[in-house]
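Note: the block below is entry.pdb and it holds PDB, N, CA and C atoms.
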MODEL        1
ATOM      1  N   MET A   1       0.846  -1.171   0.000  1.00  0.00           N
ATOM      2  CA  MET A   1       0.000   0.000   0.000  1.00  0.00           C
ATOM      3  C   MET A   1       0.890   1.232   0.000  1.00  0.00           C
ATOM      4  N   GLY A   2       1.230   1.692  -1.179  1.00  0.00           N
ATOM      5  CA  GLY A   2       2.087   2.852  -1.331  1.00  0.00           C
ATOM      6  C   GLY A   2       1.290   4.123  -1.560  1.00  0.00           C
ATOM      7  N   LEU A   3       2.006   5.216  -1.559  1.00  0.00           N
ATOM      8  CA  LEU A   3       1.369   6.506  -1.814  1.00  0.00           C
ATOM      9  C   LEU A   3       1.395   6.793  -3.314  1.00  0.00           C
ATOM     10  N   SER A   4       0.252   7.088  -3.861  1.00  0.00           N
ATOM     11  CA  SER A   4       0.192   7.425  -5.280  1.00  0.00           C
ATOM     12  C   SER A   4       0.458   8.922  -5.456  1.00  0.00           C
ATOM     13  N   THR A   5       0.556   9.349  -6.681  1.00  0.00           N
ATOM     14  CA  THR A   5       0.814  10.751  -6.999  1.00  0.00           C
ATOM     15  C   THR A   5      -0.315  11.648  -6.517  1.00  0.00           C
ATOM     16  N   THR A   6      -1.545  11.190  -6.657  1.00  0.00           N
ATOM     17  CA  THR A   6      -2.679  12.004  -6.214  1.00  0.00           C
ATOM     18  C   THR A   6      -2.681  12.163  -4.693  1.00  0.00           C
ATOM     19  N   HIS A   7      -2.302  11.123  -3.965  1.00  0.00           N
ATOM     20  CA  HIS A   7      -2.208  11.229  -2.513  1.00  0.00           C
ATOM     21  C   HIS A   7      -1.154  12.264  -2.115  1.00  0.00           C
ATOM     22  N   LEU A   8      -0.020  12.250  -2.786  1.00  0.00           N
ATOM     23  CA  LEU A   8       1.044  13.211  -2.477  1.00  0.00           C
ATOM     24  C   LEU A   8       0.615  14.640  -2.783  1.00  0.00           C
ATOM     25  N   ILE A   9      -0.083  14.851  -3.887  1.00  0.00           N
ATOM     26  CA  ILE A   9      -0.555  16.194  -4.252  1.00  0.00           C
ATOM     27  C   ILE A   9      -1.563  16.692  -3.216  1.00  0.00           C
ATOM     28  N   ILE A  10      -2.492  15.838  -2.817  1.00  0.00           N
ATOM     29  CA  ILE A  10      -3.477  16.228  -1.794  1.00  0.00           C
ATOM     30  C   ILE A  10      -2.763  16.554  -0.487  1.00  0.00           C
ATOM     31  N   PHE A  11      -1.786  15.758  -0.112  1.00  0.00           N
ATOM     32  CA  PHE A  11      -1.019  15.994   1.109  1.00  0.00           C
ATOM     33  C   PHE A  11      -0.294  17.343   1.050  1.00  0.00           C
ATOM     34  N   LEU A  12       0.339  17.672  -0.079  1.00  0.00           N
ATOM     35  CA  LEU A  12       1.034  18.953  -0.227  1.00  0.00           C
ATOM     36  C   LEU A  12       0.069  20.131  -0.185  1.00  0.00           C
ATOM     37  N   VAL A  13      -1.118  19.975  -0.784  1.00  0.00           N
ATOM     38  CA  VAL A  13      -2.119  21.051  -0.754  1.00  0.00           C
ATOM     39  C   VAL A  13      -2.576  21.299   0.681  1.00  0.00           C
ATOM     40  N   ILE A  14      -2.785  20.246   1.436  1.00  0.00           N
ATOM     41  CA  ILE A  14      -3.194  20.401   2.840  1.00  0.00           C
ATOM     42  C   ILE A  14      -2.107  21.102   3.640  1.00  0.00           C
ATOM     43  N   ILE A  15      -0.847  20.746   3.421  1.00  0.00           N
ATOM     44  CA  ILE A  15       0.273  21.388   4.118  1.00  0.00           C
ATOM     45  C   ILE A  15       0.337  22.873   3.784  1.00  0.00           C
ATOM     46  N   VAL A  16       0.153  23.228   2.511  1.00  0.00           N
ATOM     47  CA  VAL A  16       0.187  24.635   2.095  1.00  0.00           C
ATOM     48  C   VAL A  16      -0.977  25.396   2.721  1.00  0.00           C
ATOM     49  N   VAL A  17      -2.138  24.774   2.800  1.00  0.00           N
ATOM     50  CA  VAL A  17      -3.293  25.444   3.396  1.00  0.00           C
ATOM     51  C   VAL A  17      -3.068  25.671   4.890  1.00  0.00           C
ATOM     52  N   ILE A  18      -2.492  24.694   5.566  1.00  0.00           N
ATOM     53  CA  ILE A  18      -2.282  24.811   7.016  1.00  0.00           C
ATOM     54  C   ILE A  18      -1.207  25.857   7.337  1.00  0.00           C
ATOM     55  N   PHE A  19      -0.056  25.764   6.691  1.00  0.00           N
ATOM     56  CA  PHE A  19       1.078  26.623   7.044  1.00  0.00           C
ATOM     57  C   PHE A  19       1.139  27.915   6.235  1.00  0.00           C
ATOM     58  N   GLY A  20       0.689  27.899   5.019  1.00  0.00           N
ATOM     59  CA  GLY A  20       0.781  29.077   4.162  1.00  0.00           C
ATOM     60  C   GLY A  20       2.103  29.104   3.416  1.00  0.00           C
ATOM     61  N   THR A  21       2.102  29.796   2.283  1.00  0.00           N
ATOM     62  CA  THR A  21       3.308  29.791   1.438  1.00  0.00           C
ATOM     63  C   THR A  21       4.449  30.592   2.055  1.00  0.00           C
ATOM     64  N   LYS A  22       4.134  31.671   2.765  1.00  0.00           N
ATOM     65  CA  LYS A  22       5.189  32.502   3.342  1.00  0.00           C
ATOM     66  C   LYS A  22       5.960  31.740   4.415  1.00  0.00           C
ATOM     67  N   LYS A  23       5.244  31.037   5.270  1.00  0.00           N
ATOM     68  CA  LYS A  23       5.903  30.280   6.336  1.00  0.00           C
ATOM     69  C   LYS A  23       6.719  29.130   5.748  1.00  0.00           C
ATOM     70  N   LEU A  24       6.195  28.468   4.723  1.00  0.00           N
ATOM     71  CA  LEU A  24       6.931  27.382   4.082  1.00  0.00           C
ATOM     72  C   LEU A  24       8.204  27.913   3.409  1.00  0.00           C
ATOM     73  N   ARG A  25       8.123  29.113   2.812  1.00  0.00           N
ATOM     74  CA  ARG A  25       9.293  29.725   2.184  1.00  0.00           C
ATOM     75  C   ARG A  25      10.351  30.042   3.247  1.00  0.00           C
ATOM     76  N   ASN A  26       9.904  30.558   4.397  1.00  0.00           N
ATOM     77  CA  ASN A  26      10.842  30.868   5.477  1.00  0.00           C
ATOM     78  C   ASN A  26      11.490  29.607   6.031  1.00  0.00           C
ATOM     79  N   ILE A  27      10.703  28.545   6.168  1.00  0.00           N
ATOM     80  CA  ILE A  27      11.257  27.276   6.654  1.00  0.00           C
ATOM     81  C   ILE A  27      12.293  26.748   5.675  1.00  0.00           C
ATOM     82  N   GLY A  28      12.005  26.841   4.378  1.00  0.00           N
ATOM     83  CA  GLY A  28      12.962  26.389   3.362  1.00  0.00           C
ATOM     84  C   GLY A  28      14.237  27.207   3.380  1.00  0.00           C
ATOM     85  N   ALA A  29      14.112  28.524   3.549  1.00  0.00           N
ATOM     86  CA  ALA A  29      15.301  29.378   3.600  1.00  0.00           C
ATOM     87  C   ALA A  29      16.128  29.082   4.850  1.00  0.00           C
ATOM     88  N   ASP A  30      15.472  28.876   5.978  1.00  0.00           N
ATOM     89  CA  ASP A  30      16.182  28.546   7.211  1.00  0.00           C
ATOM     90  C   ASP A  30      16.900  27.201   7.103  1.00  0.00           C
ATOM     91  N   LEU A  31      16.235  26.232   6.512  1.00  0.00           N
ATOM     92  CA  LEU A  31      16.840  24.917   6.340  1.00  0.00           C
ATOM     93  C   LEU A  31      18.035  24.992   5.399  1.00  0.00           C
ATOM     94  N   GLY A  32      17.909  25.744   4.308  1.00  0.00           N
ATOM     95  CA  GLY A  32      19.023  25.912   3.376  1.00  0.00           C
ATOM     96  C   GLY A  32      20.207  26.617   4.017  1.00  0.00           C
ATOM     97  N   GLY A  33      19.931  27.638   4.835  1.00  0.00           N
ATOM     98  CA  GLY A  33      21.007  28.336   5.539  1.00  0.00           C
ATOM     99  C   GLY A  33      21.710  27.439   6.540  1.00  0.00           C
ATOM    100  N   ALA A  34      20.936  26.579   7.201  1.00  0.00           N
ATOM    101  CA  ALA A  34      21.536  25.654   8.170  1.00  0.00           C
ATOM    102  C   ALA A  34      22.440  24.640   7.471  1.00  0.00           C
ATOM    103  N   VAL A  35      21.997  24.135   6.329  1.00  0.00           N
ATOM    104  CA  VAL A  35      22.811  23.174   5.584  1.00  0.00           C
ATOM    105  C   VAL A  35      24.090  23.846   5.078  1.00  0.00           C
ATOM    106  N   LYS A  36      23.976  25.082   4.590  1.00  0.00           N
ATOM    107  CA  LYS A  36      25.148  25.799   4.107  1.00  0.00           C
ATOM    108  C   LYS A  36      26.124  26.072   5.251  1.00  0.00           C
ATOM    109  N   GLY A  37      25.599  26.475   6.404  1.00  0.00           N
ATOM    110  CA  GLY A  37      26.456  26.711   7.561  1.00  0.00           C
ATOM    111  C   GLY A  37      27.147  25.444   8.021  1.00  0.00           C
ATOM    112  N   PHE A  38      26.448  24.321   7.976  1.00  0.00           N
ATOM    113  CA  PHE A  38      27.042  23.046   8.361  1.00  0.00           C
ATOM    114  C   PHE A  38      28.164  22.667   7.405  1.00  0.00           C
ATOM    115  N   LYS A  39      27.934  22.840   6.107  1.00  0.00           N
ATOM    116  CA  LYS A  39      28.977  22.509   5.128  1.00  0.00           C
ATOM    117  C   LYS A  39      30.194  23.404   5.300  1.00  0.00           C
ATOM    118  N   ASP A  40      29.978  24.709   5.529  1.00  0.00           N
ATOM    119  CA  ASP A  40      31.097  25.623   5.750  1.00  0.00           C
ATOM    120  C   ASP A  40      31.850  25.263   7.022  1.00  0.00           C
ATOM    121  N   GLY A  41      31.123  24.874   8.063  1.00  0.00           N
ATOM    122  CA  GLY A  41      31.759  24.463   9.311  1.00  0.00           C
ATOM    123  C   GLY A  41      32.585  23.208   9.147  1.00  0.00           C
ATOM    124  N   MET A  42      32.098  22.268   8.356  1.00  0.00           N
ATOM    125  CA  MET A  42      32.854  21.037   8.122  1.00  0.00           C
ATOM    126  C   MET A  42      34.103  21.330   7.295  1.00  0.00           C
ATOM    127  N   LYS A  43      33.993  22.268   6.348  1.00  0.00           N
ATOM    128  CA  LYS A  43      35.134  22.621   5.519  1.00  0.00           C
ATOM    129  C   LYS A  43      36.186  23.343   6.357  1.00  0.00           C
ATOM    130  N   ASP A  44      35.763  24.283   7.198  1.00  0.00           N
ATOM    131  CA  ASP A  44      36.687  25.055   8.018  1.00  0.00           C
ATOM    132  C   ASP A  44      37.217  24.255   9.198  1.00  0.00           C
ATOM    133  N   GLY A  45      36.501  23.258   9.641  1.00  0.00           N
ATOM    134  CA  GLY A  45      36.906  22.485  10.810  1.00  0.00           C
ATOM    135  C   GLY A  45      38.140  21.636  10.567  1.00  0.00           C
ATOM    136  N   GLY A  46      38.406  21.253   9.337  1.00  0.00           N
ATOM    137  CA  GLY A  46      39.553  20.410   9.032  1.00  0.00           C
ATOM    138  C   GLY A  46      40.858  21.177   8.947  1.00  0.00           C
ATOM    139  N   GLU A  47      40.774  22.482   8.809  1.00  0.00           N
ATOM    140  CA  GLU A  47      41.981  23.288   8.663  1.00  0.00           C
ATOM    141  C   GLU A  47      42.403  23.848  10.019  1.00  0.00           C
ATOM    142  N   LYS A  48      43.717  23.836  10.281  1.00  0.00           N
ATOM    143  CA  LYS A  48      44.234  24.442  11.507  1.00  0.00           C
ATOM    144  C   LYS A  48      44.885  25.764  11.143  1.00  0.00           C
ATOM    145  N   PRO A  49      44.546  26.840  11.825  1.00  0.00           N
ATOM    146  CA  PRO A  49      45.167  28.123  11.527  1.00  0.00           C
ATOM    147  C   PRO A  49      46.645  28.116  11.916  1.00  0.00           C
ATOM    148  N   ALA A  50      47.476  28.693  11.067  1.00  0.00           N
ATOM    149  CA  ALA A  50      48.917  28.700  11.289  1.00  0.00           C
ATOM    150  C   ALA A  50      49.330  29.719  12.333  1.00  0.00           C
ATOM    151  N   ASP A  51      48.548  30.770  12.535  1.00  0.00           N
ATOM    152  CA  ASP A  51      48.938  31.831  13.446  1.00  0.00           C
ATOM    153  C   ASP A  51      48.395  31.653  14.857  1.00  0.00           C
ATOM    154  N   SER A  52      47.802  30.492  15.149  1.00  0.00           N
ATOM    155  CA  SER A  52      47.259  30.294  16.489  1.00  0.00           C
ATOM    156  C   SER A  52      48.384  29.993  17.473  1.00  0.00           C
ATOM    157  N   VAL A  53      48.198  30.450  18.702  1.00  0.00           N
ATOM    158  CA  VAL A  53      49.185  30.256  19.750  1.00  0.00           C
ATOM    159  C   VAL A  53      48.605  29.295  20.767  1.00  0.00           C
ATOM    160  N   ALA A  54      49.432  28.366  21.245  1.00  0.00           N
ATOM    161  CA  ALA A  54      48.967  27.402  22.226  1.00  0.00           C
ATOM    162  C   ALA A  54      48.626  28.114  23.529  1.00  0.00           C
ATOM    163  N   PRO A  55      47.644  27.658  24.273  1.00  0.00           N
ATOM    164  CA  PRO A  55      47.259  28.329  25.514  1.00  0.00           C
ATOM    165  C   PRO A  55      48.399  28.418  26.539  1.00  0.00           C
ATOM    166  N   ALA A  56      49.255  27.421  26.608  1.00  0.00           N
ATOM    167  CA  ALA A  56      50.357  27.466  27.567  1.00  0.00           C
ATOM    168  C   ALA A  56      51.326  28.588  27.224  1.00  0.00           C
ATOM    169  N   GLN A  57      51.535  28.857  25.949  1.00  0.00           N
ATOM    170  CA  GLN A  57      52.424  29.933  25.543  1.00  0.00           C
ATOM    171  C   GLN A  57      51.791  31.281  25.851  1.00  0.00           C
ATOM    172  N   GLN A  58      50.490  31.386  25.765  1.00  0.00           N
ATOM    173  CA  GLN A  58      49.826  32.640  26.067  1.00  0.00           C
ATOM    174  C   GLN A  58      49.963  32.975  27.550  1.00  0.00           C
ATOM    175  N   VAL A  59      49.862  32.013  28.424  1.00  0.00           N
ATOM    176  CA  VAL A  59      49.981  32.247  29.858  1.00  0.00           C
ATOM    177  C   VAL A  59      51.412  32.643  30.201  1.00  0.00           C
ATOM    178  N   ALA A  60      52.381  31.965  29.615  1.00  0.00           N
ATOM    179  CA  ALA A  60      53.777  32.256  29.913  1.00  0.00           C
ATOM    180  C   ALA A  60      54.185  33.623  29.372  1.00  0.00           C
ATOM    181  N   ALA A  61      53.554  34.078  28.306  1.00  0.00           N
ATOM    182  CA  ALA A  61      53.915  35.363  27.714  1.00  0.00           C
ATOM    183  C   ALA A  61      53.435  36.526  28.578  1.00  0.00           C
ATOM    184  N   ASN A  62      52.424  36.335  29.408  1.00  0.00           N
ATOM    185  CA  ASN A  62      51.886  37.387  30.250  1.00  0.00           C
ATOM    186  C   ASN A  62      52.407  37.182  31.681  1.00  0.00           C
ATOM    187  N   PRO A  63      53.370  37.995  32.157  1.00  0.00           N
ATOM    188  CA  PRO A  63      53.993  37.739  33.454  1.00  0.00           C
ATOM    189  C   PRO A  63      53.040  37.919  34.636  1.00  0.00           C
ATOM    190  N   THR A  64      52.054  38.799  34.557  1.00  0.00           N
ATOM    191  CA  THR A  64      51.152  38.988  35.689  1.00  0.00           C
ATOM    192  C   THR A  64      50.272  37.769  35.890  1.00  0.00           C
ATOM    193  N   VAL A  65      49.864  37.137  34.803  1.00  0.00           N
ATOM    194  CA  VAL A  65      49.047  35.937  34.913  1.00  0.00           C
ATOM    195  C   VAL A  65      49.899  34.783  35.414  1.00  0.00           C
ATOM    196  N   ALA A  66      51.147  34.703  34.978  1.00  0.00           N
ATOM    197  CA  ALA A  66      52.028  33.619  35.396  1.00  0.00           C
ATOM    198  C   ALA A  66      52.273  33.674  36.903  1.00  0.00           C
ATOM    199  N   LYS A  67      52.337  34.854  37.517  1.00  0.00           N
ATOM    200  CA  LYS A  67      52.557  34.967  38.954  1.00  0.00           C
ATOM    201  C   LYS A  67      51.320  34.520  39.733  1.00  0.00           C
ATOM    202  N   GLU A  68      50.145  34.767  39.195  1.00  0.00           N
ATOM    203  CA  GLU A  68      48.910  34.420  39.891  1.00  0.00           C
ATOM    204  C   GLU A  68      48.500  32.980  39.673  1.00  0.00           C
ATOM    205  N   THR A  69      49.070  32.320  38.682  1.00  0.00           N
ATOM    206  CA  THR A  69      48.690  30.963  38.350  1.00  0.00           C
ATOM    207  C   THR A  69      49.301  30.000  39.355  1.00  0.00           C
ATOM    208  N   ILE A  70      48.508  29.082  39.847  1.00  0.00           N
ATOM    209  CA  ILE A  70      48.987  28.080  40.795  1.00  0.00           C
ATOM    210  C   ILE A  70      48.949  26.732  40.109  1.00  0.00           C
ATOM    211  N   ASP A  71      50.053  26.031  40.150  1.00  0.00           N
ATOM    212  CA  ASP A  71      50.125  24.699  39.564  1.00  0.00           C
ATOM    213  C   ASP A  71      49.599  23.714  40.593  1.00  0.00           C
ATOM    214  N   VAL A  72      48.441  23.168  40.335  1.00  0.00           N
ATOM    215  CA  VAL A  72      47.774  22.286  41.298  1.00  0.00           C
ATOM    216  C   VAL A  72      48.564  21.004  41.499  1.00  0.00           C
ATOM    217  N   GLU A  73      49.125  20.451  40.437  1.00  0.00           N
ATOM    218  CA  GLU A  73      49.874  19.203  40.544  1.00  0.00           C
ATOM    219  C   GLU A  73      51.135  19.408  41.371  1.00  0.00           C
ATOM    220  N   ALA A  74      51.834  20.510  41.180  1.00  0.00           N
ATOM    221  CA  ALA A  74      53.063  20.761  41.924  1.00  0.00           C
ATOM    222  C   ALA A  74      52.747  20.997  43.395  1.00  0.00           C
ATOM    223  N   LYS A  75      51.651  21.670  43.693  1.00  0.00           N
ATOM    224  CA  LYS A  75      51.284  21.944  45.070  1.00  0.00           C
ATOM    225  C   LYS A  75      50.861  20.664  45.788  1.00  0.00           C
ATOM    226  N   ALA A  76      50.215  19.749  45.082  1.00  0.00           N
ATOM    227  CA  ALA A  76      49.760  18.512  45.688  1.00  0.00           C
ATOM    228  C   ALA A  76      50.925  17.580  45.995  1.00  0.00           C
ATOM    229  N   LYS A  77      52.020  17.644  45.272  1.00  0.00           N
ATOM    230  CA  LYS A  77      53.164  16.758  45.470  1.00  0.00           C
ATOM    231  C   LYS A  77      53.981  17.181  46.691  1.00  0.00           C
ATOM    232  N   HIS A  78      53.920  18.455  47.104  1.00  0.00           N
ATOM    233  CA  HIS A  78      54.739  18.910  48.232  1.00  0.00           C
ATOM    234  C   HIS A  78      54.131  18.595  49.524  1.00  0.00           C
TER     235      HIS A  78
ENDMDL
END
Encoded form (structure tokens):
Amino acid sequence: MGLSTTHLIIFLVIIVVIFGTKKLRNIGADLGGAVKGFKDGMKDGGEKPADSVAPAQQVAANPTVAKETIDVEAKAKH
């Protein structure tokens, strides 16, 4: 018992009547934007920026933060 073409057309007409064309257009645009954002995120996620600095180097470069930082492992060993 499959869906025939007439069943699908009736189903689409009911959906358009319930939601309206403007809301369906907005849903389609939102869905397309989400898919595009996901693809861009997957493309950008594989690349590592060359100018990024490791967090440990950032802490060591700032002397005021280095003085306030407490090494928990070193303190626990003493």
Do you have the CA of Leu31 (chain A)-CA of Ile14 (chain A) distance handy?
->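 Those two atoms sit 20.8 Å apart.
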What is the CA of Gly45 (chain A)-CA of Gly28 (chain A) distance in Å, reported with one decimal?
-> 25.4 Å
So that all listed atoms of region 28-35 of chain A fit with 5 Å spare on each side, what axis-aligned box centre and edge lengths in Å, to one decimal, would you give as AutoDock Vina command-line options?
--center_x 18.0 --center_y 26.3 --center_z 5.8 --size_x 22.1 --size_y 16.2 --size_z 14.8
Kindly give the distance, in Å, that separates CA of Lys22 (chain A) and CA of Val35 (chain A), rounded to a single decimal.
->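 Going from CA of Lys22 (chain A) over to CA of Val35 (chain A) covers 20.1 Å.
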